[in-house]
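Since the structure comes first, as C-alpha cells, the remarks are kept for the end.
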Amino acid sequence: MKAKILAGSLIAILCVAMIPLVSWAGELDDFVNNLSVEARADSSGFRYRLRSEFDVPGGTVDMVISNVNDLADAYMILRLGEVTGVSINTVLDTYKSNKKRGWGVIAKKLGIKPGSPEFHALKAGHGSASSSSSSGGKGNGNGKGKGHK
C-alpha cells in the first residue's frame, strides 16, 4: 500500500515538474505558428526580410529555405544561429534531427534554457508582427545576438 502511495506521489511530482518545460515548448511553437501565418501572407516579402534582418546573403537564405518545411522554420534557424552564436549549418543539423520534437527541444539542444534571456530574445525577434504580439514584452533583449557577443 505504501509503495502505491509513494509511486503515485512520485508520478504527481514528475508531472508538476514537467509543466514549465511543456509550457515553454508550447509557447515557442505558438510563436512559430503565428510567424508561419505571417510568412504565408507575403512569402516573397518574408524572404527579403530574412536577408535584411539577419544580414545574410540571398544564397544563404535560399539554402536554409530549401532545407526546412516552412518559411517560419527558416526564420527560426537564422534566429537561433544569431541568439546562440552557433553556425547556421549546426542549427540546421539540429533542426533536421529534432524537428518532429518541436522548437523547444531544438532550442534546448542548442543551449537555450527555458525562461532565459536567450529564450526571450529568441521570441523577441526583429520586430515582426508575430514577435511583438507573442512576446508580451517579456525579456530584456540581452541575448547573444548581434551587438551582444
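A note on labels: chains of the C-alpha cells are A, B, ... as shown, every chain counts residues from 1, and ligands are counted from 1 in their shown order.
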
Considering only C-alpha atoms, tabulate each residue of range 30-61 of chain A that lies at most 9 Å from range 110-127 of chain A along with its nearest interatomic pair and the corresponding distance in Å to one decimal; arrange the rows by chain and ascending residue number and present them as a Markdown table.
```
| residue | atom | partner | partner_atom | distance |
| --- | --- | --- | --- | --- |
| A:Phe31 | CA | A:Lys123 | CA | 7.0 |
| A:Val32 | CA | A:Lys123 | CA | 8.9 |
| A:Glu53 | CA | A:His126 | CA | 6.8 |
| A:Phe54 | CA | A:His126 | CA | 8.8 |
```

Keeping only C-alpha atoms, write those residues as a PDB file, in the first residue's frame.
```
ATOM      1  CA  PHE A  31       5.228  31.827 -31.752  1.00  0.00           C
ATOM      2  CA  VAL A  32       6.433  29.837 -34.787  1.00  0.00           C
ATOM      3  CA  GLU A  53      17.080  41.364 -40.849  1.00  0.00           C
ATOM      4  CA  PHE A  54      19.767  38.738 -40.445  1.00  0.00           C
TER       5      PHE A  54
END
```

> From the list A:Leu50, A:Gly45, A:Gly58, A:Val37, which residue is nearest Leu78 in chain A when using only C-alpha atoms?
Replying inline: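 Among the listed residues, the smallest separation from Leu78 in chain A belongs to A:Leu50.
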
> Quick one: residues within 8 Å of range 61-70 of chain A, only C-alpha atoms counted, chain neighbours fewer than 2 positions away excluded, as JSON, numbers by chain?
Replying inline: {"A": [36, 47, 50, 51, 56, 57, 58, 59, 72, 73, 74, 77, 92]}

With C-alpha atoms retained, export the selected residues as a PDB file, in the first residue's frame.
```
ATOM      1  CA  SER A  36       4.170  30.925 -40.299  1.00  0.00           C
ATOM      2  CA  ARG A  47      12.255  36.032 -47.833  1.00  0.00           C
ATOM      3  CA  LEU A  50      15.096  37.358 -43.732  1.00  0.00           C
ATOM      4  CA  ARG A  51      18.013  38.564 -45.863  1.00  0.00           C
ATOM      5  CA  VAL A  56      22.882  37.240 -44.753  1.00  0.00           C
ATOM      6  CA  PRO A  57      23.250  36.749 -48.496  1.00  0.00           C
ATOM      7  CA  GLY A  58      20.259  35.638 -50.540  1.00  0.00           C
ATOM      8  CA  GLY A  59      22.028  32.355 -51.291  1.00  0.00           C
ATOM      9  CA  ALA A  72       8.874  30.264 -40.318  1.00  0.00           C
ATOM     10  CA  ASP A  73      11.331  27.408 -39.788  1.00  0.00           C
ATOM     11  CA  ALA A  74      13.875  29.315 -41.870  1.00  0.00           C
ATOM     12  CA  ILE A  77      17.108  28.637 -37.974  1.00  0.00           C
ATOM     13  CA  LEU A  92      20.156  23.148 -39.495  1.00  0.00           C
TER      14      LEU A  92
END
```

Ile88 in chain A: which residues within 10 Å, counting only C-alpha atoms, same-chain residues fewer than 2 positions away excluded, as a PDB file with C-alpha atoms, in the first residue's frame?
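The resulting file, result_24.pdb, is shown below:
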```pdb
ATOM      1  CA  THR A  60      22.230  31.564 -47.581  1.00  0.00           C
ATOM      2  CA  VAL A  64      18.098  27.444 -45.413  1.00  0.00           C
ATOM      3  CA  ILE A  77      17.108  28.637 -37.974  1.00  0.00           C
ATOM      4  CA  LEU A  78      18.554  32.091 -38.614  1.00  0.00           C
ATOM      5  CA  ARG A  79      17.334  33.477 -35.288  1.00  0.00           C
ATOM      6  CA  LEU A  80      18.721  30.530 -33.298  1.00  0.00           C
ATOM      7  CA  GLY A  81      22.069  30.986 -35.010  1.00  0.00           C
ATOM      8  CA  GLU A  82      22.052  34.661 -34.122  1.00  0.00           C
ATOM      9  CA  GLY A  85      26.245  32.232 -31.880  1.00  0.00           C
ATOM     10  CA  VAL A  86      26.098  28.733 -33.426  1.00  0.00           C
ATOM     11  CA  THR A  90      24.885  23.375 -36.958  1.00  0.00           C
ATOM     12  CA  VAL A  91      21.427  24.808 -36.296  1.00  0.00           C
ATOM     13  CA  LEU A  92      20.156  23.148 -39.495  1.00  0.00           C
ATOM     14  CA  ASP A  93      21.619  19.788 -38.422  1.00  0.00           C
ATOM     15  CA  THR A  94      19.965  20.127 -35.002  1.00  0.00           C
TER      16      THR A  94
END
```

>> Would you compute the distance between CA of Gly102 in chain A and CA of Asp29 in chain A? Give it in Å to one decimal.
In response: 6.8 Å

>> Just the number, please: distance in Å from CA of Lys96 in chain A to CA of Met76 in chain A, one decimal.
In response: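 Those two atoms sit 12.7 Å apart.
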
> Which value, in Å to one decimal, gives the distance between CA of Val105 in chain A and CA of Glu27 in chain A?
Replying inline: 12.0 Å
